[in-house]
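Everything below concerns the one structure shown next.
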Amino acid sequence: MARIVSADDAVRRIPDGATVVLNPLPLEEVFPAFGRVYQATGSPKDLTVVWSAGIGPFSDEPRGLNHFAYRGMVKRLIGGHFGLNHSLAGLVAENAVEAYNLPQGVIAQMYREVAAKRPGIFTQVGIGTFVDPRVEGGKLNERTRNCEDLVEVVQVNGQKLLHYKPFRADVGIIRGTTADRLGNIGEDDEAIVMENLEVAIAAKCCGGFVIAQVIQTSDEPLHPHHVRVPGIFVDYVVVAESKKSHPHTLFVDDDPSYSGREHTPLEQVFQRMPLNLEKVICRRAAMELRAGANVNLGVGIPMGVAAVAHEEGILDTVSFSTEVGAIGGLPEGGRNFGPAKNPTAFMSQAHMFDFYDGGGLDLTCVGLAQADREGNVNVSKLGSRIIGCGGFINITQGTRKCVFCGEFRAGAADIAVDGGRLVIRREGRVPKFLKQVEQITFSGKFARQQGRDVLFVTERCVFRLAPEGLLLCEIAPGVDLQKDILQQMEFRPIIPAEIAPMDPRIFA
Ligand SMILES: CC(C)(COP(=O)(O)OP(=O)(O)OC[C@H]1O[C@@H](n2cnc3c(N)ncnc32)[C@H](O)[C@@H]1OP(=O)(O)O)[C@@H](O)C(=O)NCCC(=O)NCCS
């Protein structure tokens, strides 16, 4: 039966060299205990830490996954996303740890393979991108170059696939709302749940143990249908001292509309986006929304597409989902990416990625840091800045229509929308349309082979991925083809005889 222990007691039980698999939610009661216990005792050390999604805090503050940024405590990181956790990403950049970045969906799904002792995941996800061992194998730094390959290319039924090898799970760390006396975990007031159950079963099947952080305990047994992680998979329960150490997200302690505890009238909380570059991009992307479509929005600028849909009164005609498991409602943007206000349903991230990988999405709008003439896109690495792919690889490879959304150049541009036109006062310092991207997070070649419908939406023009490469198909009012587009990119796109204007309503 599960025992209630303090966070420090739970962490003291973790042996050196263990593989710790985290459900990456704000576990601000359990996670800080890692640094405290390690600094006091020198253990646990040489850990392998595995997680799927990045959770912040978008800085080097000791919160979120930064609680694992201790040299010596961690030997190897296997993660889906790094860039939101600056201290952790710093350890990688300094070669202080071995580090692999694998697609977020692959990690979320892998726990089931680990639990059932299957040989890993065989999939097309990642082919031609930096996780493909013929490119970089997902290895993030020099220190990892000579380490074992976690991904290999195999041939199955005449088809080339990537084989992601399974890892051990010695300790699983999960989070819920309530634990009853049997250690059954309920998730009634969680903003998202990700892979609680999958992580717990994986750790138990590997002979390991599971630590669950909750905000309350109940002497009454939970209704069996409300138990999300059965107590047979839970060894230690840590009760958070307050909502501060058990917040809904790292940026919002408590929003009852996330978990379904209350329905928030959106008109009371919704703030219209100002008419800036971001809104122009989101308005153009929103024109790709179709009634009845299943749509995913990626982190960054594309999250504004949901806000535009709300402004245009079409939010309820489209079904938005976030890969971390919230369906419907108004997905949150900015740093608070993940939950939605007034969601209609929740599911685990592993199942969500089954749906996404299987072609369940009609449309995705995702970020754009760099693109090249082949239609390759990079969002995962900029110079020495390690960002990571997150769900980008799964989502863009599995979805029929991909709209990459981003400003045309990066770095302190001064561009306004005025009088129905774009006015470029100062160009951004850094070109984003390059001869060759720094890292391939989306393979233009693979997308063309698959016949995907791909658009690149910027504030000043729109490109389509054609069989021969990037084709310029729309241009914004007020923009000069030569000066504002061709001279501001590193390659010449395909230019048709006639280029359509971007819809003037976008700039009104
Ligand atoms: C690539 C990504 C960082 C773009 O973010 P965004 O908010 O949409 O776009 P922005 O243009 O505002 O870029 C964010 C920052 O990166 C910088 N940036 C973007 N492209 C850049 C480039 N090519 N070179 C240098 N800097 C760049 C911007 O200048 C900006 O910097 P700032 O915060 O100092 O102003 C974001 O989409 C991301 O993290 N993607 C990876 C994960 C992912 O997409 N998962 C998908 C499913 S969730």
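To be explicit about the labels: the chains of the structure tokens are called A, B, and onward in the order shown, and within each one the residues are counted from 1, while ligands get numbers from 1 in the order they are shown.
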Tell me, which residues of segment 110-303 of chain A carry DSSP strand (DSSP E), written as a PyMOL selection string? chain A and resi 121-123+151-156+159-164+171-175+178-180+185-186+209-214+216-218+236-239+294-297
Give the helix (DSSP H, G or I) residues of segment 146-257 of chain A, as assigned by DSSP on the backbone, as a ChimeraX atom specification. /A:196-205,224-226,231-233,243-245,256-257
I'd like the contact shell of segment 476-486 of chain A - 10 Å cut-off, only C-alpha atoms, skipping same-chain residues fewer than 5 positions apart - returned as a list in words. Val280, Phe408, Arg409, Val417, Asp418, Gly419, Gly420, Arg421, Leu422, Val423, Ile424, Glu427, Phe433, Thr458, Glu459, Arg460, Cys461, Val462, Phe491, Arg492, Pro493, Ile499, Ala500, Pro501, Met502, Asp503, Pro504, Ile506 and Phe507 of chain A
Counting only C-alpha atoms, what is within 8 Å of segment 196-208 of chain A, bar same-chain residues fewer than 2 positions away, as a list of chain:residue names?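 Residues meeting the cut-off are A:Val21, A:Leu22, A:Asn23, A:Tyr111, A:Arg112, A:Val114, A:Ala115, A:Ala116, A:Arg168, A:Ala169, A:Asp170, A:Val171, A:Gly172, A:Ile173, A:Ile174, A:Arg175, A:Val193, A:Met194, A:Val210, A:Arg228, A:Val229, A:Phe233, A:Val234, A:Ser348.
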Residues as selected, C-alpha atoms, written as a compact mmCIF listing (two decimals), in the first residue's frame, can you do that?
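What landed in again18.txt:
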```
# COMPACT_ATOMS: atom_id res chain seq x y z
CA VAL A 21 11.04 9.19 -15.63
CA LEU A 22 9.08 12.36 -14.99
CA ASN A 23 5.62 13.36 -15.95
CA TYR A 111 6.43 4.27 -21.63
CA ARG A 112 3.90 1.71 -22.85
CA VAL A 114 8.87 -0.06 -21.66
CA ALA A 115 6.03 -1.38 -19.49
CA ALA A 116 5.12 -4.22 -21.85
CA ARG A 168 14.58 1.49 -18.22
CA ALA A 169 12.28 3.23 -15.78
CA ASP A 170 13.51 2.77 -12.19
CA VAL A 171 11.52 5.61 -10.65
CA GLY A 172 8.33 7.20 -11.95
CA ILE A 173 7.22 10.62 -10.75
CA ILE A 174 3.61 11.60 -11.36
CA ARG A 175 1.05 14.11 -10.15
CA VAL A 193 -2.51 15.00 -17.20
CA MET A 194 -0.01 13.98 -19.89
CA VAL A 210 6.41 5.46 -8.15
CA ARG A 228 -6.91 7.61 -12.99
CA VAL A 229 -3.83 5.87 -11.56
CA PHE A 233 1.03 1.40 -9.17
CA VAL A 234 1.78 3.99 -6.47
CA SER A 348 -3.32 11.22 -22.16
```
Produce as a PyMOL selection string the set of residues near ligand 1, where near means within 9 Å with only C-alpha atoms and all ligand atoms considered. chain A and resi 53+81+83-84+104+278+296-303+322-324+334+337-338+365-371+378-383+387-396+405-412+428-434+437+441
So, with only C-alpha atoms as the atoms that count, which of A:Gly333, A:Gly126, A:Pro339, A:Gly183 lies closest to Ala447 of chain A?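 Closest residue, counting only C-alpha atoms: A:Gly126.
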